[in-house]
file run-v3.tsv (TSV, C-alpha atoms and all ligand atoms)
chain	number	residue	atom	x	y	z
A	685	MET	CA	76.82	137.52	121.76
A	686	SER	CA	77.54	134.22	120.12
A	687	LEU	CA	80.33	132.56	118.18
A	688	LEU	CA	79.66	130.39	115.15
A	689	VAL	CA	82.12	127.51	114.74
A	690	ALA	CA	82.06	126.12	111.17
A	691	VAL	CA	84.61	123.35	110.64
A	692	GLY	CA	83.23	121.45	107.64
A	693	ASP	CA	83.14	117.73	108.31
A	694	LEU	CA	85.35	117.90	111.42
A	695	ASN	CA	84.01	117.43	114.94
A	696	PRO	CA	83.41	120.92	116.39
A	697	GLU	CA	83.16	119.59	119.96
A	698	PRO	CA	86.81	120.06	121.07
A	699	TRP	CA	86.59	123.67	119.85
A	700	ARG	CA	83.22	124.34	121.49
A	701	ARG	CA	84.49	122.97	124.80
A	702	ARG	CA	87.72	124.99	124.83
A	703	LEU	CA	86.02	128.19	123.66
A	704	SER	CA	83.29	127.89	126.33
A	705	ALA	CA	86.03	127.60	128.95
A	706	SER	CA	87.91	130.63	127.59
A	707	LEU	CA	84.81	132.78	126.97
A	708	PRO	CA	82.33	131.79	129.69
A	709	GLY	CA	78.72	132.91	129.24
A	710	ARG	CA	78.83	133.06	125.42
A	711	GLU	CA	76.82	130.82	123.20
A	712	ILE	CA	79.05	128.73	120.93
A	713	ALA	CA	76.94	127.58	117.99
A	714	THR	CA	77.62	125.44	114.94
A	715	PRO	CA	75.79	125.84	111.60
A	716	GLU	CA	73.55	122.96	112.73
A	717	THR	CA	72.66	124.47	116.15
A	718	LEU	CA	72.53	128.16	115.12
A	719	GLY	CA	69.49	130.02	116.48
A	720	ASP	CA	69.12	133.70	115.58
A	721	PRO	CA	71.78	134.71	112.97
A	722	ALA	CA	71.63	138.27	114.34
A	723	ASP	CA	73.25	137.06	117.59
A	724	VAL	CA	76.48	135.96	115.88
A	725	HIS	CA	79.36	138.39	116.31
A	726	TYR	CA	82.31	136.14	115.53
A	727	GLY	CA	82.89	133.30	113.08
A	728	LEU	CA	85.50	130.56	113.55
A	729	SER	CA	86.49	128.72	110.41
A	730	TRP	CA	88.41	125.65	109.34
A	731	ARG	CA	87.49	124.46	105.85
A	732	HIS	CA	83.94	125.68	106.44
A	733	LYS	CA	81.21	124.86	103.93
A	734	PRO	CA	80.83	127.77	101.44
A	735	GLY	CA	78.26	130.28	102.64
A	736	ALA	CA	78.53	129.26	106.32
A	737	PHE	CA	79.12	132.88	107.39
A	738	GLU	CA	76.64	134.49	105.01
A	739	ASN	CA	73.66	136.54	106.25
A	740	LEU	CA	75.03	137.24	109.73
A	741	PRO	CA	74.13	140.95	110.04
A	742	HIS	CA	76.28	141.61	113.16
A	743	LEU	CA	79.38	139.63	112.21
A	744	ARG	CA	82.50	141.51	113.43
A	745	ALA	CA	85.33	139.15	112.51
A	746	ILE	CA	86.13	135.67	111.23
A	747	PHE	CA	88.95	133.70	112.88
A	748	SER	CA	90.77	130.98	110.95
A	749	LEU	CA	91.57	128.07	113.25
A	750	GLY	CA	94.91	127.73	111.50
A	751	ALA	CA	97.75	129.91	110.26
A	752	GLY	CA	96.72	129.44	106.64
A	753	VAL	CA	93.59	131.09	105.27
A	754	ASP	CA	93.36	129.64	101.76
A	755	HIS	CA	90.56	127.38	103.03
A	756	ALA	CA	88.48	130.45	104.00
A	757	LEU	CA	89.38	132.66	101.06
A	758	GLY	CA	88.26	129.85	98.76
A	759	ASP	CA	84.67	130.58	99.80
A	760	PRO	CA	83.26	132.97	97.17
A	761	ARG	CA	80.48	133.87	99.64
A	762	LEU	CA	82.86	134.84	102.48
A	763	PRO	CA	81.60	138.12	104.00
A	764	ASP	CA	83.84	141.15	104.02
A	765	ALA	CA	84.54	141.04	107.81
A	766	PRO	CA	88.18	141.10	108.99
A	767	LEU	CA	89.74	137.65	108.59
A	768	VAL	CA	92.19	136.84	111.39
A	769	ARG	CA	94.71	133.99	111.25
A	770	VAL	CA	96.51	132.07	113.97
A	771	VAL	CA	99.94	133.26	115.02
A	772	ASP	CA	100.78	131.20	118.05
A	773	ALA	CA	104.03	130.08	119.65
A	774	ASP	CA	102.74	126.52	120.09
A	775	LEU	CA	101.85	126.16	116.40
A	776	THR	CA	105.09	127.78	115.24
A	777	ALA	CA	107.19	125.53	117.50
A	778	ARG	CA	105.42	122.39	116.19
A	779	MET	CA	106.07	123.42	112.59
A	780	SER	CA	109.75	124.08	113.23
A	781	GLU	CA	110.08	120.70	115.00
A	782	TRP	CA	108.77	119.01	111.86
A	783	VAL	CA	111.03	120.97	109.53
A	784	VAL	CA	114.13	120.34	111.63
A	785	LEU	CA	113.26	116.65	112.00
A	786	HIS	CA	112.98	116.21	108.24
A	787	ALA	CA	116.11	118.19	107.41
A	788	LEU	CA	117.96	115.87	109.80
A	789	LEU	CA	116.33	112.70	108.45
A	790	HIS	CA	117.71	113.52	105.00
A	791	LEU	CA	121.06	114.80	106.26
A	792	ARG	CA	121.68	111.69	108.38
A	793	GLN	CA	120.39	109.24	105.73
A	794	PHE	CA	117.72	107.90	108.02
A	795	ARG	CA	116.02	105.68	105.41
A	796	ARG	CA	119.30	103.98	104.58
A	797	TYR	CA	120.23	103.22	108.18
A	798	ASP	CA	116.67	102.21	109.03
A	799	ARG	CA	116.74	99.69	106.19
A	800	GLN	CA	120.20	98.50	107.23
A	801	GLN	CA	118.97	97.94	110.78
A	802	ARG	CA	116.05	95.84	109.55
A	803	GLU	CA	118.43	93.86	107.33
A	804	LYS	CA	121.13	93.65	110.07
A	805	ILE	CA	123.71	95.34	107.84
A	806	TRP	CA	126.67	97.15	109.46
A	807	ASP	CA	127.79	99.59	106.77
A	808	ASP	CA	129.14	103.00	107.63
A	809	ASP	CA	129.30	106.01	105.30
A	810	GLU	CA	132.59	107.80	105.72
A	811	SER	CA	131.46	110.66	103.52
A	812	GLN	CA	128.61	111.69	105.85
A	813	PRO	CA	128.36	115.50	105.44
A	814	ALA	CA	127.96	117.84	108.40
A	815	ALA	CA	124.99	120.21	108.61
A	816	GLY	CA	127.30	123.08	107.70
A	817	ASP	CA	128.01	121.39	104.34
A	818	VAL	CA	124.32	121.48	103.43
A	819	ARG	CA	122.52	124.53	102.02
A	820	VAL	CA	118.89	124.95	103.01
A	821	GLY	CA	116.56	127.33	101.16
A	822	VAL	CA	113.42	128.31	103.04
A	823	LEU	CA	110.54	129.59	100.88
A	824	GLY	CA	108.58	132.03	103.08
A	825	LEU	CA	110.17	133.81	106.02
A	826	GLY	CA	107.00	134.68	107.93
A	827	GLU	CA	106.15	133.69	111.47
A	828	ILE	CA	106.91	130.03	110.82
A	829	GLY	CA	109.60	130.28	108.14
A	830	CYS	CA	111.73	132.64	110.25
A	831	ASP	CA	111.51	130.41	113.31
A	832	ALA	CA	112.34	127.29	111.31
A	833	ALA	CA	115.25	129.06	109.58
A	834	ARG	CA	116.72	130.11	112.94
A	835	LYS	CA	116.41	126.60	114.34
A	836	LEU	CA	118.06	125.10	111.26
A	837	GLN	CA	120.86	127.63	111.61
A	838	ALA	CA	121.27	126.69	115.27
A	839	LEU	CA	122.01	123.12	114.09
A	840	GLY	CA	124.65	124.46	111.72
A	841	PHE	CA	122.81	124.27	108.37
A	842	ASP	CA	123.78	126.93	105.81
A	843	VAL	CA	120.37	128.64	105.54
A	844	ALA	CA	118.95	131.31	103.24
A	845	GLY	CA	115.35	132.35	102.63
A	846	TRP	CA	112.95	133.75	100.06
A	847	THR	CA	110.15	136.25	100.50
A	848	ARG	CA	107.76	138.25	98.33
A	849	THR	CA	109.05	141.61	99.54
A	850	PRO	CA	112.71	142.30	100.37
A	851	ARG	CA	113.58	141.52	104.02
A	852	ALA	CA	116.74	142.30	105.95
A	853	ILE	CA	117.15	139.64	108.64
A	854	PRO	CA	120.40	139.82	110.61
A	855	GLY	CA	122.60	136.81	109.91
A	856	LEU	CA	120.24	135.26	107.36
A	857	PRO	CA	120.83	135.76	103.61
A	858	THR	CA	117.55	136.57	101.89
A	859	PHE	CA	116.27	136.69	98.32
A	860	ALA	CA	113.03	138.31	97.20
A	861	GLY	CA	110.52	138.19	94.40
A	862	GLU	CA	110.63	136.30	91.13
A	863	ALA	CA	114.04	137.75	90.37
A	864	GLY	CA	115.50	136.35	93.60
A	865	LEU	CA	114.06	132.86	93.32
A	866	ASP	CA	116.54	131.38	90.85
A	867	ALA	CA	119.47	132.63	92.92
A	868	LEU	CA	118.06	130.96	96.03
A	869	LEU	CA	117.34	127.69	94.19
A	870	GLY	CA	120.85	127.59	92.74
A	871	ARG	CA	122.34	127.50	96.24
A	872	THR	CA	119.85	125.04	97.72
A	873	ASP	CA	120.32	121.36	98.63
A	874	ILE	CA	117.23	121.10	100.87
A	875	LEU	CA	114.28	123.23	99.79
A	876	VAL	CA	111.78	123.88	102.60
A	877	ASN	CA	108.41	125.30	101.54
A	878	LEU	CA	106.58	127.34	104.18
A	879	LEU	CA	104.63	129.60	101.83
A	880	PRO	CA	100.92	130.31	102.08
A	881	LEU	CA	98.78	129.11	99.18
A	882	THR	CA	97.93	132.07	96.97
A	883	PRO	CA	97.42	132.44	93.21
A	884	GLN	CA	101.17	133.21	92.98
A	885	THR	CA	102.33	130.16	94.96
A	886	ARG	CA	99.91	127.61	93.47
A	887	GLY	CA	101.85	125.00	91.49
A	888	LEU	CA	105.19	126.65	92.29
A	889	LEU	CA	106.91	123.38	93.30
A	890	ASN	CA	107.03	121.98	89.79
A	891	ARG	CA	109.45	120.44	87.32
A	892	GLY	CA	110.96	123.79	86.29
A	893	LEU	CA	111.67	124.79	89.89
A	894	ILE	CA	113.14	121.38	90.77
A	895	GLY	CA	115.46	121.64	87.75
A	896	LYS	CA	116.93	124.87	89.16
A	897	LEU	CA	117.97	123.37	92.51
A	898	ALA	CA	121.69	122.88	93.12
A	899	GLY	CA	123.02	119.71	91.51
A	900	ASP	CA	126.42	119.79	93.18
A	901	GLY	CA	125.48	119.40	96.85
A	902	ARG	CA	126.81	117.00	99.47
A	903	LEU	CA	123.54	115.05	99.75
A	904	GLY	CA	123.95	113.56	96.27
A	905	GLY	CA	120.90	115.40	94.95
A	906	PRO	CA	118.38	117.99	96.09
A	907	VAL	CA	115.62	117.28	98.59
A	908	LEU	CA	112.15	118.84	98.83
A	909	VAL	CA	110.47	119.44	102.20
A	910	ASN	CA	106.92	120.84	102.05
A	911	ALA	CA	104.80	121.77	105.05
A	912	GLY	CA	103.22	124.84	103.42
A	913	ARG	CA	100.31	123.76	101.24
A	914	GLY	CA	99.73	120.86	98.87
A	915	GLY	CA	98.33	123.24	96.26
A	916	SER	CA	101.86	124.61	95.83
A	917	GLN	CA	103.18	121.24	94.70
A	918	VAL	CA	102.73	119.49	91.35
A	919	GLU	CA	102.81	115.92	92.56
A	920	ALA	CA	103.22	114.34	89.13
A	921	ASP	CA	106.38	116.43	88.65
A	922	ILE	CA	107.69	115.53	92.11
A	923	VAL	CA	107.13	111.80	91.51
A	924	ALA	CA	108.86	112.05	88.11
A	925	ALA	CA	111.79	113.94	89.66
A	926	LEU	CA	112.16	111.32	92.40
A	927	LEU	CA	112.14	108.55	89.80
A	928	SER	CA	114.68	110.28	87.55
A	929	GLY	CA	116.96	111.27	90.40
A	930	ALA	CA	116.38	115.00	89.83
A	931	LEU	CA	115.21	114.85	93.47
A	932	LYS	CA	117.09	112.67	95.93
A	933	GLY	CA	114.30	112.65	98.49
A	934	ALA	CA	111.21	114.42	99.78
A	935	SER	CA	109.26	115.03	102.97
A	936	LEU	CA	105.65	116.02	102.40
A	937	ASP	CA	103.07	116.94	105.02
A	938	VAL	CA	100.56	118.48	102.59
A	939	PHE	CA	99.10	117.25	99.32
A	940	GLU	CA	97.15	118.34	96.27
A	941	THR	CA	94.28	116.15	97.52
A	942	GLU	CA	93.90	115.41	101.23
A	943	PRO	CA	93.70	112.71	102.45
A	944	LEU	CA	96.34	111.55	99.96
A	945	PRO	CA	94.58	109.03	97.66
A	946	GLU	CA	95.60	105.39	98.12
A	947	THR	CA	96.59	105.33	94.45
A	948	SER	CA	99.33	107.95	94.89
A	949	PRO	CA	102.78	106.52	94.05
A	950	LEU	CA	104.20	108.74	96.81
A	951	TRP	CA	103.00	106.27	99.49
A	952	SER	CA	105.56	103.67	98.55
A	953	MET	CA	108.53	105.65	97.24
A	954	GLU	CA	111.94	105.09	98.76
A	955	ASN	CA	113.37	108.16	100.49
A	956	VAL	CA	109.96	109.86	100.71
A	957	PHE	CA	108.56	110.70	104.13
A	958	LEU	CA	104.84	111.47	104.37
A	959	SER	CA	102.76	112.82	107.24
A	960	PRO	CA	99.01	113.52	107.31
A	961	HIS	CA	98.99	117.35	107.33
A	962	ASN	CA	99.85	117.47	110.99
A	963	ALA	CA	103.26	119.16	110.94
A	964	GLY	CA	101.76	122.04	112.89
A	965	MET	CA	98.48	120.88	114.30
A	966	SER	CA	96.33	123.70	115.75
A	967	GLU	CA	96.10	122.58	119.37
A	968	PRO	CA	92.54	123.56	120.48
A	969	GLU	CA	93.59	124.69	123.98
A	970	ALA	CA	96.29	127.07	122.69
A	971	VAL	CA	94.27	128.35	119.73
A	972	ALA	CA	91.06	128.87	121.74
A	973	ARG	CA	93.11	130.90	124.26
A	974	TYR	CA	94.56	132.98	121.41
A	975	ILE	CA	91.13	133.67	119.85
A	976	ALA	CA	89.49	134.44	123.21
A	977	GLY	CA	92.33	136.86	123.98
A	978	GLN	CA	91.83	138.60	120.64
A	979	ILE	CA	88.04	138.90	121.13
A	980	LEU	CA	88.37	140.31	124.65
A	981	ALA	CA	91.03	142.82	123.56
A	982	PHE	CA	88.92	143.83	120.53
A	983	GLU	CA	85.92	144.44	122.78
A	984	ARG	CA	88.12	146.66	124.99
A	985	GLY	CA	88.74	148.76	121.88
A	986	GLU	CA	92.10	147.34	120.79
A	987	PRO	CA	92.72	146.53	117.11
A	988	LEU	CA	92.60	142.92	115.91
A	989	ARG	CA	96.06	141.45	115.30
A	990	ASN	CA	97.15	139.22	112.41
A	991	VAL	CA	94.39	140.35	110.08
A	992	VAL	CA	94.81	138.89	106.60
A	993	ASP	CA	95.39	141.19	103.66
A	994	ARG	CA	92.87	139.78	101.22
A	995	THR	CA	94.52	141.33	98.18
A	996	ARG	CA	97.82	139.54	99.05
A	997	GLY	CA	95.95	136.35	99.99
A	998	TYR	CA	97.81	135.79	103.29
A	1001	LIG	P1	103.21	134.38	107.18
A	1001	LIG	O1	102.08	135.10	106.55
A	1001	LIG	O2	103.72	134.85	108.49
A	1001	LIG	O3	104.45	134.32	106.19
A	1001	LIG	C1	104.31	134.06	104.83
A	1001	LIG	C2	105.68	134.22	104.16
A	1001	LIG	O4	105.55	133.79	102.81
A	1001	LIG	C3	106.17	135.67	104.14
A	1001	LIG	O5	107.56	135.70	104.34
A	1001	LIG	C4	105.82	136.11	102.72
A	1001	LIG	O6	106.66	137.12	102.16
A	1001	LIG	C5	106.06	134.81	101.96
A	1001	LIG	N1	105.33	134.84	100.69
A	1001	LIG	C6	104.01	134.88	100.46
A	1001	LIG	N2	103.74	134.89	99.15
A	1001	LIG	C7	104.92	134.86	98.53
A	1001	LIG	C8	105.33	134.87	97.16
A	1001	LIG	N3	104.43	134.93	96.17
A	1001	LIG	N4	106.64	134.85	96.88
A	1001	LIG	C9	107.56	134.82	97.87
A	1001	LIG	N5	107.25	134.79	99.19
A	1001	LIG	C10	105.96	134.82	99.51
A	1001	LIG	O7	102.74	132.84	107.28
A	1001	LIG	P2	103.15	131.76	108.38
A	1001	LIG	O8	104.62	131.69	108.45
A	1001	LIG	O9	102.40	131.97	109.63
A	1001	LIG	O10	102.53	130.43	107.70
A	1001	LIG	C11	102.98	130.00	106.45
A	1001	LIG	C12	102.11	128.88	105.92
A	1001	LIG	O11	102.40	127.65	106.58
A	1001	LIG	C13	100.61	129.01	106.14
A	1001	LIG	O12	100.02	129.91	105.24
A	1001	LIG	C14	100.13	127.60	105.90
A	1001	LIG	O13	99.89	127.39	104.52
A	1001	LIG	C15	101.33	126.76	106.34
A	1001	LIG	N6	101.04	126.00	107.55
A	1001	LIG	C16	100.99	124.63	107.48
A	1001	LIG	C17	100.75	123.89	108.60
A	1001	LIG	C18	100.80	122.39	108.56
A	1001	LIG	O14	100.38	121.74	109.52
A	1001	LIG	N7	101.32	121.81	107.50
A	1001	LIG	C19	100.47	124.51	109.91
A	1001	LIG	C20	100.58	125.96	109.89
A	1001	LIG	C21	100.83	126.66	108.73
A	1001	LIG	P3	106.71	138.60	102.81
A	1001	LIG	O15	107.57	138.43	104.05
A	1001	LIG	O16	107.35	139.41	101.76
A	1001	LIG	O17	105.30	138.98	103.12
A	1002	LIG	C1	97.36	125.73	109.35
A	1002	LIG	C2	97.38	124.28	109.10
A	1002	LIG	O1	97.29	126.51	108.39
A	1002	LIG	O2	97.26	123.51	110.08
A	1002	LIG	O3	97.43	126.13	110.53
A	1002	LIG	O4	97.52	123.85	107.97

call {"tool": "encode", "arguments": {"input": "run-v3.tsv", "output": "C-alpha cells", "more": "lines below"}}
Ligand code: NDP
Ligand code: OXD
result
Amino acid sequence: MSLLVAVGDLNPEPWRRRLSASLPGREIATPETLGDPADVHYGLSWRHKPGAFENLPHLRAIFSLGAGVDHALGDPRLPDAPLVRVVDADLTARMSEWVVLHALLHLRQFRRYDRQQREKIWDDDESQPAAGDVRVGVLGLGEIGCDAARKLQALGFDVAGWTRTPRAIPGLPTFAGEAGLDALLGRTDILVNLLPLTPQTRGLLNRGLIGKLAGDGRLGGPVLVNAGRGGSQVEADIVAALLSGALKGASLDVFETEPLPETSPLWSMENVFLSPHNAGMSEPEAVARYIAGQILAFERGEPLRNVVDRTRGY
C-alpha cells in the first residue's frame, strides 16, 4: 500500500524520510519513482504538477501538506478523492507568532526606531499608542484566524473578525458575509488577512477595500498584514496605497507571484515588511505525524478529519 508524494519542484526527501518513519513498511513513491499505479492508496500534495494523481485506480485520499488547498484545487485533473488539509497545533502556533510579531512591529514603530538606532538618533514618541488603542480586524476566523485573534486579544489589541458564515465567538465581535465586511473595515486600523484563496477571496485586498479602512486610528493610517494567500492581494493597489499614504504600512508573507520578482517595488518600500511565504511553515516532522495518524485511524474505520468542501473551496 503505497503513498505518492508529489511536491512539484521541491525536494520530496524530507517528506519521504519522515513518512517512512511514521508509517514503517509502506512504500513512499514520488512521480519519478512510481512503480505500479494500482498500489497507490494515498496522495500527498504540495503544488503538485497537474495530473500527478490521475489514473490511480485505488486512490483513497489526497493530503495537502499545508493548511491551504488552492494549490491542489487548481489542478483541473485532480481526482474526486477526499482532499484533506493540515490542521496542526505547530502550524497554527507558527502563524499566530508571525501575526502577533507584525502587529507589534507596526504598533511599536519598529522601522522608525530601527532607523534611528542605525543613525544614532535619540528621539522618543510621547504619543505612542497602547495595544488597546488599536483596532485589529482579522479576515477569516478558522483554525488559524481564531488562534491569532485570541493571541492579539491577550496582548490587549481591540480585535474583531470576519467570516463567510455568521459565528458567535465569546468575547470576540464578529461580522459575516459581504454585508458585514464594510462594518469590520470601518473599525479596523490593522487588517490581518488569514483567508483561504477561493474565487470569492481572489483580489479582495484591493484599492476599494483599502479605502474603507478606518482613517481615524492611532497609528496614523491603516496597516495591512497578509499571511493568507498572495492571490487575495492586488499588489499594484497596495503599492499605490502605500505611496499615497492610504496605507501607513504593510507586512506581507504571500505574493501574487512567488518568489516575489526582483522588480517588485515592495522590496524597497519604507514601512513594508516582507517574508518568503514562511509565516507558518509546514514542519515535516509534525505534518508527517498528523498524516500518518489520519491514515492509521482511517484504516481502523474512523472518518477522515479536515476534509475540504470542494464547493466552498476550503
Ligand atoms: P480555515 O478553513 O480553518 O478557516 C478559513 C476561514 O476563512 C473561516 O473562518 C471562513 O469562514 C473564512 N472564509 C472563507 N471564505 C470566506 C469568504 N468568502 N468570506 C469571509 N470569510 C471567509 O483555514 P485556516 O485558518 O486553517 O487557514 C487559513 C489560510 O491561511 C489557509 O487557507 C492558507 O491560505 C493560509 N495559510 C498560510 C500560511 C503561510 O505560511 N503563509 C500557512 C498556513 C495557512 P467560515 O468560518 O464562515 O467558514
Ligand atoms: C499552508 C502554507 O497553506 O504554508 O500551509 O501556505

call {"tool": "residues_near_ligand", "arguments": {"input": "run-v3.tsv", "ligand": "ligand LIG 1002 (chain A)", "cutoff": "7 Å", "atoms": "all atoms listed in the file", "output": "JSON, numbers by chain"}}
result
{"A": [749, 750, 751, 752, 753, 770, 961, 962, 964, 965, 966]}

call {"tool": "residues_near_ligand", "arguments": {"input": "run-v3.tsv", "ligand": "ligand LIG 1001 (chain A)", "cutoff": "7 Å", "atoms": "all atoms listed in the file", "output": "NGL selection string"}}
result
:A and (750-753 or 771 or 775 or 779 or 823-829 or 846-851 or 860-861 or 878-882 or 884-885 or 911-913 or 937-938 or 961-965 or 998)

call {"tool": "closest_residue", "arguments": {"input": "run-v3.tsv", "among": "A:Glu810, A:Asp817, A:Asp693, A:Glu942", "to": "A:Glu716", "atoms": "only C-alpha atoms"}}
result
A:Asp693

call {"tool": "closest_atom_pairs", "arguments": {"input": "run-v3.tsv", "of": "stretch 770-869 of chain A", "to": "stretch 887-892 of chain A", "cutoff": "12 Å", "atoms": "only C-alpha atoms", "output": "tab-separated table"}}
result
residue	atom	partner	partner_atom	distance
A:Leu823	CA	A:Leu889	CA	10.4
A:Glu862	CA	A:Leu888	CA	11.1
A:Leu865	CA	A:Leu888	CA	10.9
A:Asp866	CA	A:Gly892	CA	10.5
A:Leu869	CA	A:Gly892	CA	10.9

call {"tool": "atom_distance", "arguments": {"input": "run-v3.tsv", "atom1": "atom CA of A:Pro766", "atom2": "atom CA of A:Gly914"}}
result
25.4 Å

call {"tool": "residues_near_point", "arguments": {"input": "run-v3.tsv", "point": "(88.7, 134.2, 110.8)", "cutoff": "6 Å", "atoms": "only C-alpha atoms", "output": "list of chain:residue names"}}
result
A:Leu728, A:Ser729, A:Ile746, A:Phe747, A:Ser748, A:Leu767, A:Val768

call {"tool": "build_atoms", "arguments": {"input": "run-v3.tsv", "residues": "stretch 861-878 of chain A", "atoms": "N, CA and C atoms", "output": "PDB file, in the frame of the given file"}}
result
ATOM      1  N   GLY A 861     111.223 138.055  95.671  1.00  0.00           N
ATOM      2  CA  GLY A 861     110.520 138.190  94.400  1.00  0.00           C
ATOM      3  C   GLY A 861     110.972 137.187  93.355  1.00  0.00           C
ATOM      4  N   GLU A 862     110.306 137.252  92.212  1.00  0.00           N
ATOM      5  CA  GLU A 862     110.630 136.300  91.130  1.00  0.00           C
ATOM      6  C   GLU A 862     112.098 136.357  90.770  1.00  0.00           C
ATOM      7  N   ALA A 863     112.648 137.578  90.772  1.00  0.00           N
ATOM      8  CA  ALA A 863     114.040 137.750  90.370  1.00  0.00           C
ATOM      9  C   ALA A 863     114.985 137.048  91.337  1.00  0.00           C
ATOM     10  N   GLY A 864     114.605 136.956  92.607  1.00  0.00           N
ATOM     11  CA  GLY A 864     115.500 136.350  93.600  1.00  0.00           C
ATOM     12  C   GLY A 864     115.372 134.838  93.696  1.00  0.00           C
ATOM     13  N   LEU A 865     114.318 134.289  93.105  1.00  0.00           N
ATOM     14  CA  LEU A 865     114.060 132.860  93.320  1.00  0.00           C
ATOM     15  C   LEU A 865     115.152 131.972  92.718  1.00  0.00           C
ATOM     16  N   ASP A 866     115.550 132.250  91.493  1.00  0.00           N
ATOM     17  CA  ASP A 866     116.540 131.380  90.850  1.00  0.00           C
ATOM     18  C   ASP A 866     117.858 131.377  91.628  1.00  0.00           C
ATOM     19  N   ALA A 867     118.223 132.549  92.155  1.00  0.00           N
ATOM     20  CA  ALA A 867     119.470 132.630  92.920  1.00  0.00           C
ATOM     21  C   ALA A 867     119.380 131.762  94.177  1.00  0.00           C
ATOM     22  N   LEU A 868     118.219 131.791  94.837  1.00  0.00           N
ATOM     23  CA  LEU A 868     118.060 130.960  96.030  1.00  0.00           C
ATOM     24  C   LEU A 868     118.126 129.473  95.647  1.00  0.00           C
ATOM     25  N   LEU A 869     117.396 129.112  94.576  1.00  0.00           N
ATOM     26  CA  LEU A 869     117.340 127.690  94.190  1.00  0.00           C
ATOM     27  C   LEU A 869     118.732 127.174  93.835  1.00  0.00           C
ATOM     28  N   GLY A 870     119.517 128.008  93.181  1.00  0.00           N
ATOM     29  CA  GLY A 870     120.850 127.590  92.740  1.00  0.00           C
ATOM     30  C   GLY A 870     121.813 127.326  93.873  1.00  0.00           C
ATOM     31  N   ARG A 871     121.462 127.784  95.095  1.00  0.00           N
ATOM     32  CA  ARG A 871     122.340 127.500  96.240  1.00  0.00           C
ATOM     33  C   ARG A 871     121.598 126.637  97.265  1.00  0.00           C
ATOM     34  N   THR A 872     120.672 125.810  96.771  1.00  0.00           N
ATOM     35  CA  THR A 872     119.850 125.040  97.720  1.00  0.00           C
ATOM     36  C   THR A 872     119.974 123.528  97.520  1.00  0.00           C
ATOM     37  N   ASP A 873     120.314 122.834  98.621  1.00  0.00           N
ATOM     38  CA  ASP A 873     120.320 121.360  98.630  1.00  0.00           C
ATOM     39  C   ASP A 873     119.024 120.822  99.226  1.00  0.00           C
ATOM     40  N   ILE A 874     118.523 121.497 100.274  1.00  0.00           N
ATOM     41  CA  ILE A 874     117.230 121.100 100.870  1.00  0.00           C
ATOM     42  C   ILE A 874     116.309 122.300 100.744  1.00  0.00           C
ATOM     43  N   LEU A 875     115.236 122.135  99.972  1.00  0.00           N
ATOM     44  CA  LEU A 875     114.280 123.230  99.790  1.00  0.00           C
ATOM     45  C   LEU A 875     113.104 123.003 100.739  1.00  0.00           C
ATOM     46  N   VAL A 876     112.859 123.987 101.604  1.00  0.00           N
ATOM     47  CA  VAL A 876     111.780 123.880 102.600  1.00  0.00           C
ATOM     48  C   VAL A 876     110.692 124.868 102.203  1.00  0.00           C
ATOM     49  N   ASN A 877     109.484 124.378 101.905  1.00  0.00           N
ATOM     50  CA  ASN A 877     108.410 125.300 101.540  1.00  0.00           C
ATOM     51  C   ASN A 877     107.520 125.595 102.750  1.00  0.00           C
ATOM     52  N   LEU A 878     107.468 126.882 103.107  1.00  0.00           N
ATOM     53  CA  LEU A 878     106.580 127.340 104.180  1.00  0.00           C
ATOM     54  C   LEU A 878     105.799 128.557 103.700  1.00  0.00           C
TER      55      LEU A 878
END
